[in-house]
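The next block holds one structure in the form of C-alpha cells; read it before the comments.
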Amino acid sequence: MSKLYTGAEIVFKCLEDQEVEYIFGYPGGAVLPIYDELKNHSTIKHILVRHEQGAGHAAEGYARSSGKPGVVLVTSGPGATNVVTALTDAYMDSVPLVCISGQVPTHLIGTDAFQECDTTGITRPCTKHNWLVKDIKELPKVMHEAFKVATTGRPGPVLIDIPKDIQFAKTDYTKFKKEKKLNGKIHNKFSENEINQLIDLISKAKKPVVYTGGGVINSGPQASETLKEFVRLIGFPITSTLQGLGAFPGDDNQFIGMLGMHGTYEANNAMHDCDLLINIGARFDDRITGKIDEFSPKSKKVHIDIDPSSINKIIKVDLAIVGDVNEVIKSVIKKINKKQNGLKDSNKQRISKWWEQIQKWRTKDSLGFINSDKEIKPQHAVKRLYELTKNQDTFITTEVGQHQMWAAQHYKFNKPNRWMTSGGLGTMGYGLPAAVGVQIAHPDKLVIDIAGEASVLMTMQEMSTAVQYNLPIKIFILNNQYMGMVRQWQELLHEKNYSESYSEALPDFVKLAEAYGCKGIKADNPSELDDKIQEMIDYKGPVIFDCHVDPNENCFPMIPSGKPHNQMILGPNDKEENKIIGKGKSLV
Amino acid sequence: MPSPKSAYSIPTKKGKLDTHIFVVWVDNEAGVLARVVGLFSGRGYNIESLAVAEVDATKNISRITIVTTGTPQVIDQIKLQLKKLVPVHKVADFKREDKKVIFKEMALLKIVAQKKKIEKCLKECKKFNPVVLDKTNKSVVVQITALRREIDKMSKKLKPYGLTSTSRTGAIAMTRGAQTFK
C-alpha cells in the first residue's frame with residue numbers, strides 16, 4: 001500500500017509540484033494544521049502579512065510582476081472575508097491568484113460555528129471558480145485544477161476552502177504531471193480567414209489606431225515583443241489603457257499616450273476620429289469609452305481577446321478574433337511578411353496625413369501643467385521621480401486616485417510587468433502591499449509605490465511586513481491632505497462642496513516611518529526634491545517619502561463621464577479651449 | 001428629472017427585448033445552481049422560469065432550463081458568461097418562437113367544487129393532456145402540460161369553477177427530430 005498523506009501535507013505537495021516559492025498569509029484556528037506542516041517544506045517561504053487584504057494584494061503584486069500565480073493562505077471567517085477585496089480586485093484586473101482558506105470542520109459547517117462563514121458563497125461572484133473540499137480524496141485534484149483555472153485563458157483568482165478535519169484526514173498522492181497541452185476553458189481557435197480580414201482592414205485604413213490593454217501583459221513578455229514588431233511593421237499610432245502600460249515603450253514616437261478619462265488629447269481624439277480601431281487585449285471599459293453612443297463613431301472595430309464574453313459586451317465590433325494575443329499577432333505578422341511585404345511602405349504613405357493630424361493634437365501638450373518654484377506640483381514630483389529612476393529597472397505600484405493618474409501620465413514604462421495598479425476595482429490601499437509582493441519577486445530591483453496619503457493609510461500596517469522581511473520598498477506619497485480625486489470631482493461637478501474629502505489629523509509620516517523601523521523623508525520645497533528623491537533611492541531599506549504637494553492641483557485632461565472622447569476638459573494651460581468645452585462640462 | 005452631476009454614464013436607449021430559452025448542461029455538484037443563478041442576479045439578467053434536475057446519473061450531469069428576456073446583446077452575453085463557468089459543459093439557446101424546439105411546462109391544479117363544475121373543468125383541460133391524479137367527491141387534482149401562456153390562461157379561466165391552488169414547473173425544452181444539441 002502506498003504511503004498516506006494528511007490533507008495539510010497534500011496542500012504542500014501540490015504547491016511544490018506547482019513550483020510555488022512564496023505564499024502570503026496569516027494563520028488562524030482553521031488553518032493551523034497547514035501552518036504546522038509549513039516547517040517541513042523548505043522550498044516554500046511564507047510571508048506573514050498584517051492583514052489578509054494585504055496578503056491578497058501582495059500576491060497580486062507578486063503575480064503581476066513575475067507572471068506566476070500568487071498564492072494566499074488565510075483562516076476561516078474573518079480571514080476569508082478580509083481577503084474578499086483582494087480577490088475582487090484580482091478578478092477585475094485578471095490576475096492569477098490561488099487562495100487557500102481554512103474552514104471549520106465539516107460536521108460544524110452550517111451551525112454558525114466560531115469563525116465560520118460561507119466562504120465559497122461569499123467568494124463565488126469574485127473568483128473564476130471556487131471549491132469547498134469535503135472529501136480528502138478530492139483534494140489533490142482540486143488543488144491542481146485550481147492552478148489550471150487561475151492561470152489559463154483569461155487569468156483570475158480562485159479559492160479552495162479546506163475544512164480543518166480534511167486537513168487532518170489522510171489519503172494517497174500521486175505525483176502531478178503538468179499537462180503540456182492546455183485545454184479546458186481556453187479559446188485559441190481563431191481562423192485563417194479572420195487574420196486575412198484583419199490584414200485587409202489594415203491595408204485599407206487611412207486613420208487607424210491600435211488600442212492595447214492588460215491582455216497583452218497577461219499574454220506574457222513575448223507578447224509585448226510581438227506587439228512592438230507588429231506596430232512598427234504597420235506604422236500605426238498606438239494608445240494603451242491604464243493596465244496595458246509598458247507593453248509598448250512609453251517613450252516611443254508611435255506611442256500617443258494613455259487613452260480614456262485622463263488620457264492624452266491626441267489619444268482620445270485619435271480614438272474618436274479613426275476609421276480603424278484595433279483593440280488588442282482590452283475590454284472597452286467605461287473609463288475608456290466615455291459615452292457609448294458617440295464612441296469612435298466612424299471606425300471599423302476589431303477586437304482581439306482571449307475571453308469570448310468580452311466581445312460585443314459593451315461595443316459592437318466588426319471583426320472579433322478570440323485567441324491569445326501573442327498567437328494572434330504572431331500569425332498576422334507572419335502573413336503580412338509572407339504575402340503583403342509591400343504593405344509596410346504603402347501603409348506609411350496612406351496614413352501620413354493621419355500622423356500629421358496626430359502631431360497637431362500633440363502640440364496641445366495636454367499633460368502640461370503650470371509648474372511652481374514655491375510648491376511642489378504633483379506632476380513635477382512624478383516627472384522627477386521618473387527622471388531619477390529611469391536608468392534602472394524600476395517597478396511602480398500605485399494606490400488609487402489622482403496620484404495614480406499622474407503616475408500613469410508622467411511615468412514612462414518601457415517594459416511589461418513593471419506597472420502594478422488597481423484599475424478595474426480601483427482599490428485604495430492596493431499599492432503598498434502590492435509593492436511588498438513585487439519586492440519579494442524581485443529582491444534586487446527598485447520598487448516604488450506612488451501613493452496618496454489617504455489611500456496608503458488604508459493598508460499602512462504592511463510596512464511592518466516590509467520591515468520584517470527587509471524589503472526595501474519606497475512609499476512615495478503625494479500628500480495633498482485631500483482625497484484628491486474626490487475633491488476634484490466635487491470642485492468640477494458638485495459646486496465645490498468638499499464634503500468629507502479633507503483629511504484632518506493626518507499622521508506625521510516621518511515619525512510613522514520611524515515607528516515602523518524604516519526611514520522617513522519629508523519634502524515640501526521644489527528645490528530640495530531631487531536630492532531627497534535620490535536619498536530615498538540610495539537608502540538600503542524601506543522608506544516612506546512624504547512629499548507635500550499643491551493641495552489644489554487637478555488631474556487633466558479629463559473626460560467627464562457620460563461624454564464622448566472629443567469633449568475633454570483640458571488643463572489651465574488651455575483656458576481658451578476650456579471655454580469651448582465648457583458646455584460639455586455643465587451637462588454632466 | 002434634474003441633470004445628474006457626476007453620473008457614471010448616462011444610460012442609453014434600450015433595444016427590443018426577446019424571450020429566450022437557455023438549456024445548460026452542468027456537472028451535478030454542490031453549489032452549481034447557485035453559480036448559474038448568481039450569474040443572472042449579479043449581472044442583472046432576468047429569470048422568468050427555471051427548471052433543473054439530473055439527467056445523466058452515470059456522468060453526473062444536470063440539465064438546467066432557464067427562460068429569460070433581454071436585448072440580443074444581453075442574450076449573447078448570458079450565453080458567453082454561462083460558458084465561462086467551470087462546471088458548465090454546453091449551453092444551447094433558443095428563441096421562444098423557434099418552431100424546431102418543443103417547450104413545455106407542467107401544472108398541477110386543485111379544483112374544489114361540485115361535480116358539475118369539476119366536469120366542466122376537466123373538459124376545459126382536455127387540450128392539455130389532463131391526467132387526474134386525485135379525485136374526491138368535492139375535489140380533483142389534475143395535471144396538465146402546456147405552454148406558459150396556455151397555463152396562464154387556464155388558471156384564469158378555471159378560477160370561477162373552483163380552482164383553489166396551482167403549482168407549476170419552469171419550462172423544459174427539447175429539439176424536434178432525430179438530432180440532438182451538441
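Residue numbering restarts at 1 for every chain of the C-alpha cells, chains are lettered A, B, ... in their displayed order, and ligands are numbered from 1 as they appear.
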
Near Arg384 in chain A, counting only C-alpha atoms, which residues have an atom at most 10 Å away, once you skip same-chain residues fewer than 2 positions from it, shown as a ChimeraX atom specification?
/A:378-382,386-390,410-411,529-530,533

Apply DSSP to the structure's backbone, then extract all residues of range 100-131 of chain B labelled alpha helix (DSSP H) and return them as a list in words.
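Alpha helix (DSSP H) members of range 100-131 of chain B, listed: Lys115, Lys116, Lys117, Ile118, Glu119, Lys120, Cys121, Leu122, Lys123, Glu124 and Cys125 of chain B.
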
Create the file for the chosen residues now, containing N, CA and C atoms and written as a tab-separated table (two decimals), in the first residue's frame.
```tsv
chain	number	residue	atom	x	y	z
B	115	LYS	N	-69.56	18.44	-8.39
B	115	LYS	CA	-69.25	17.54	-9.50
B	115	LYS	C	-69.37	18.19	-10.86
B	116	LYS	N	-70.46	18.92	-11.03
B	116	LYS	CA	-70.74	19.53	-12.34
B	116	LYS	C	-69.62	20.46	-12.77
B	117	LYS	N	-69.23	21.28	-11.81
B	117	LYS	CA	-68.17	22.25	-12.13
B	117	LYS	C	-66.86	21.54	-12.41
B	118	ILE	N	-66.62	20.49	-11.65
B	118	ILE	CA	-65.39	19.72	-11.87
B	118	ILE	C	-65.38	19.13	-13.27
B	119	GLU	N	-66.52	18.59	-13.67
B	119	GLU	CA	-66.63	18.04	-15.03
B	119	GLU	C	-66.28	19.09	-16.06
B	120	LYS	N	-66.83	20.29	-15.85
B	120	LYS	CA	-66.57	21.38	-16.78
B	120	LYS	C	-65.08	21.70	-16.86
B	121	CYS	N	-64.48	21.72	-15.69
B	121	CYS	CA	-63.03	22.00	-15.64
B	121	CYS	C	-62.26	21.00	-16.47
B	122	LEU	N	-62.56	19.73	-16.23
B	122	LEU	CA	-61.81	18.69	-16.92
B	122	LEU	C	-61.99	18.81	-18.43
B	123	LYS	N	-63.17	19.25	-18.82
B	123	LYS	CA	-63.44	19.43	-20.24
B	123	LYS	C	-62.56	20.55	-20.81
B	124	GLU	N	-62.47	21.60	-20.02
B	124	GLU	CA	-61.64	22.73	-20.47
B	124	GLU	C	-60.17	22.31	-20.63
B	125	CYS	N	-59.77	21.40	-19.76
B	125	CYS	CA	-58.36	21.00	-19.75
B	125	CYS	C	-58.01	20.03	-20.88
```

For Asp318 in chain A, find every residue with an atom within 7 Å (counting only C-alpha atoms), except residues of its own chain fewer than 2 positions away, and show them as a list in words.
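Near Asp318 in chain A, the qualifying residues are Lys300, Lys301, Val302, Lys316 and Ala320 of chain A.
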
Test item: chain A residues at most 6 Å from chain B, counting only C-alpha atoms, as a PyMOL selection string:
chain A and resi 309+493+561-562+588

Name the residues of range 9-169 of chain B that fall into strand (DSSP E or B) according to DSSP on the backbone, using the chain letters and numbers of this document, as a VMD selection string.
chain B and resid 18 to 27 49 to 56 61 to 70 88 to 95 101 to 112 131 to 135 139 to 146 163 to 168

Generate the output file for the selected residues, C-alpha atoms, as a PDB file, in the first residue's frame.
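Result written to out.pdb:
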```pdb
ATOM      1  CA  ASP B  18     -36.634  38.937 -26.849  1.00  0.00           C
ATOM      2  CA  THR B  19     -37.573  35.885 -24.839  1.00  0.00           C
ATOM      3  CA  HIS B  20     -35.040  33.099 -24.991  1.00  0.00           C
ATOM      4  CA  ILE B  21     -34.795  29.652 -23.507  1.00  0.00           C
ATOM      5  CA  PHE B  22     -31.347  28.572 -22.338  1.00  0.00           C
ATOM      6  CA  VAL B  23     -30.546  24.948 -21.799  1.00  0.00           C
ATOM      7  CA  VAL B  24     -27.402  24.460 -19.745  1.00  0.00           C
ATOM      8  CA  TRP B  25     -25.679  21.135 -19.125  1.00  0.00           C
ATOM      9  CA  VAL B  26     -23.727  21.218 -15.874  1.00  0.00           C
ATOM     10  CA  ASP B  27     -21.879  18.927 -13.509  1.00  0.00           C
ATOM     11  CA  SER B  49     -38.638  30.453 -15.035  1.00  0.00           C
ATOM     12  CA  LEU B  50     -36.175  27.785 -14.066  1.00  0.00           C
ATOM     13  CA  ALA B  51     -36.215  24.009 -14.213  1.00  0.00           C
ATOM     14  CA  VAL B  52     -33.369  21.781 -13.100  1.00  0.00           C
ATOM     15  CA  ALA B  53     -32.775  18.094 -12.489  1.00  0.00           C
ATOM     16  CA  GLU B  54     -30.136  15.465 -13.013  1.00  0.00           C
ATOM     17  CA  VAL B  55     -30.482  13.831 -16.424  1.00  0.00           C
ATOM     18  CA  ASP B  56     -27.477  11.538 -16.521  1.00  0.00           C
ATOM     19  CA  ILE B  61     -24.907  15.748 -15.476  1.00  0.00           C
ATOM     20  CA  SER B  62     -27.797  18.055 -14.663  1.00  0.00           C
ATOM     21  CA  ARG B  63     -29.817  19.974 -17.194  1.00  0.00           C
ATOM     22  CA  ILE B  64     -30.908  23.481 -16.321  1.00  0.00           C
ATOM     23  CA  THR B  65     -33.552  25.201 -18.422  1.00  0.00           C
ATOM     24  CA  ILE B  66     -33.882  28.948 -17.963  1.00  0.00           C
ATOM     25  CA  VAL B  67     -36.381  31.257 -19.624  1.00  0.00           C
ATOM     26  CA  THR B  68     -35.115  34.819 -19.816  1.00  0.00           C
ATOM     27  CA  THR B  69     -35.664  38.095 -21.629  1.00  0.00           C
ATOM     28  CA  GLY B  70     -33.077  40.518 -22.944  1.00  0.00           C
ATOM     29  CA  VAL B  88     -20.825  24.178 -17.427  1.00  0.00           C
ATOM     30  CA  HIS B  89     -20.400  21.721 -20.321  1.00  0.00           C
ATOM     31  CA  LYS B  90     -22.539  23.232 -23.032  1.00  0.00           C
ATOM     32  CA  VAL B  91     -25.140  25.907 -23.499  1.00  0.00           C
ATOM     33  CA  ALA B  92     -27.992  25.931 -26.008  1.00  0.00           C
ATOM     34  CA  ASP B  93     -30.150  28.953 -26.593  1.00  0.00           C
ATOM     35  CA  PHE B  94     -33.484  29.043 -28.412  1.00  0.00           C
ATOM     36  CA  LYS B  95     -35.869  31.800 -29.275  1.00  0.00           C
ATOM     37  CA  VAL B 101     -37.996  23.271 -30.438  1.00  0.00           C
ATOM     38  CA  ILE B 102     -40.688  21.962 -28.126  1.00  0.00           C
ATOM     39  CA  PHE B 103     -41.284  23.894 -24.937  1.00  0.00           C
ATOM     40  CA  LYS B 104     -43.453  22.512 -22.191  1.00  0.00           C
ATOM     41  CA  GLU B 105     -44.464  23.379 -18.693  1.00  0.00           C
ATOM     42  CA  MET B 106     -46.423  21.263 -16.283  1.00  0.00           C
ATOM     43  CA  ALA B 107     -49.002  22.404 -13.780  1.00  0.00           C
ATOM     44  CA  LEU B 108     -50.946  20.722 -11.000  1.00  0.00           C
ATOM     45  CA  LEU B 109     -54.353  22.252 -10.492  1.00  0.00           C
ATOM     46  CA  LYS B 110     -56.549  21.625  -7.463  1.00  0.00           C
ATOM     47  CA  ILE B 111     -60.202  22.317  -8.016  1.00  0.00           C
ATOM     48  CA  VAL B 112     -62.609  22.256  -5.103  1.00  0.00           C
ATOM     49  CA  VAL B 131     -54.281  13.455 -16.001  1.00  0.00           C
ATOM     50  CA  VAL B 132     -56.457  13.168 -12.956  1.00  0.00           C
ATOM     51  CA  LEU B 133     -54.151  12.391 -10.093  1.00  0.00           C
ATOM     52  CA  ASP B 134     -56.615  12.531  -7.241  1.00  0.00           C
ATOM     53  CA  LYS B 135     -60.369  12.656  -7.010  1.00  0.00           C
ATOM     54  CA  SER B 139     -62.284  17.968  -5.352  1.00  0.00           C
ATOM     55  CA  VAL B 140     -59.881  16.934  -8.067  1.00  0.00           C
ATOM     56  CA  VAL B 141     -56.175  17.348  -8.671  1.00  0.00           C
ATOM     57  CA  VAL B 142     -55.388  17.444 -12.349  1.00  0.00           C
ATOM     58  CA  GLN B 143     -52.057  17.579 -14.116  1.00  0.00           C
ATOM     59  CA  ILE B 144     -51.762  19.445 -17.409  1.00  0.00           C
ATOM     60  CA  THR B 145     -48.805  20.097 -19.711  1.00  0.00           C
ATOM     61  CA  ALA B 146     -48.841  23.141 -21.944  1.00  0.00           C
ATOM     62  CA  LEU B 163     -59.561  26.391  -8.867  1.00  0.00           C
ATOM     63  CA  THR B 164     -58.039  26.871  -5.424  1.00  0.00           C
ATOM     64  CA  SER B 165     -54.386  26.027  -5.832  1.00  0.00           C
ATOM     65  CA  THR B 166     -51.863  25.950  -8.674  1.00  0.00           C
ATOM     66  CA  SER B 167     -48.381  24.523  -8.652  1.00  0.00           C
ATOM     67  CA  ARG B 168     -46.259  24.791 -11.767  1.00  0.00           C
TER      68      ARG B 168
END
```

Judged by only C-alpha atoms, the minimum distance to Val158 in chain A among A:Ala205, A:Ala113, A:Ile217, A:Val83 is found for A:Val83

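Interatomic distance, CA of Arg124 in chain A against CA of Val31 in chain A: 20.6 Å.
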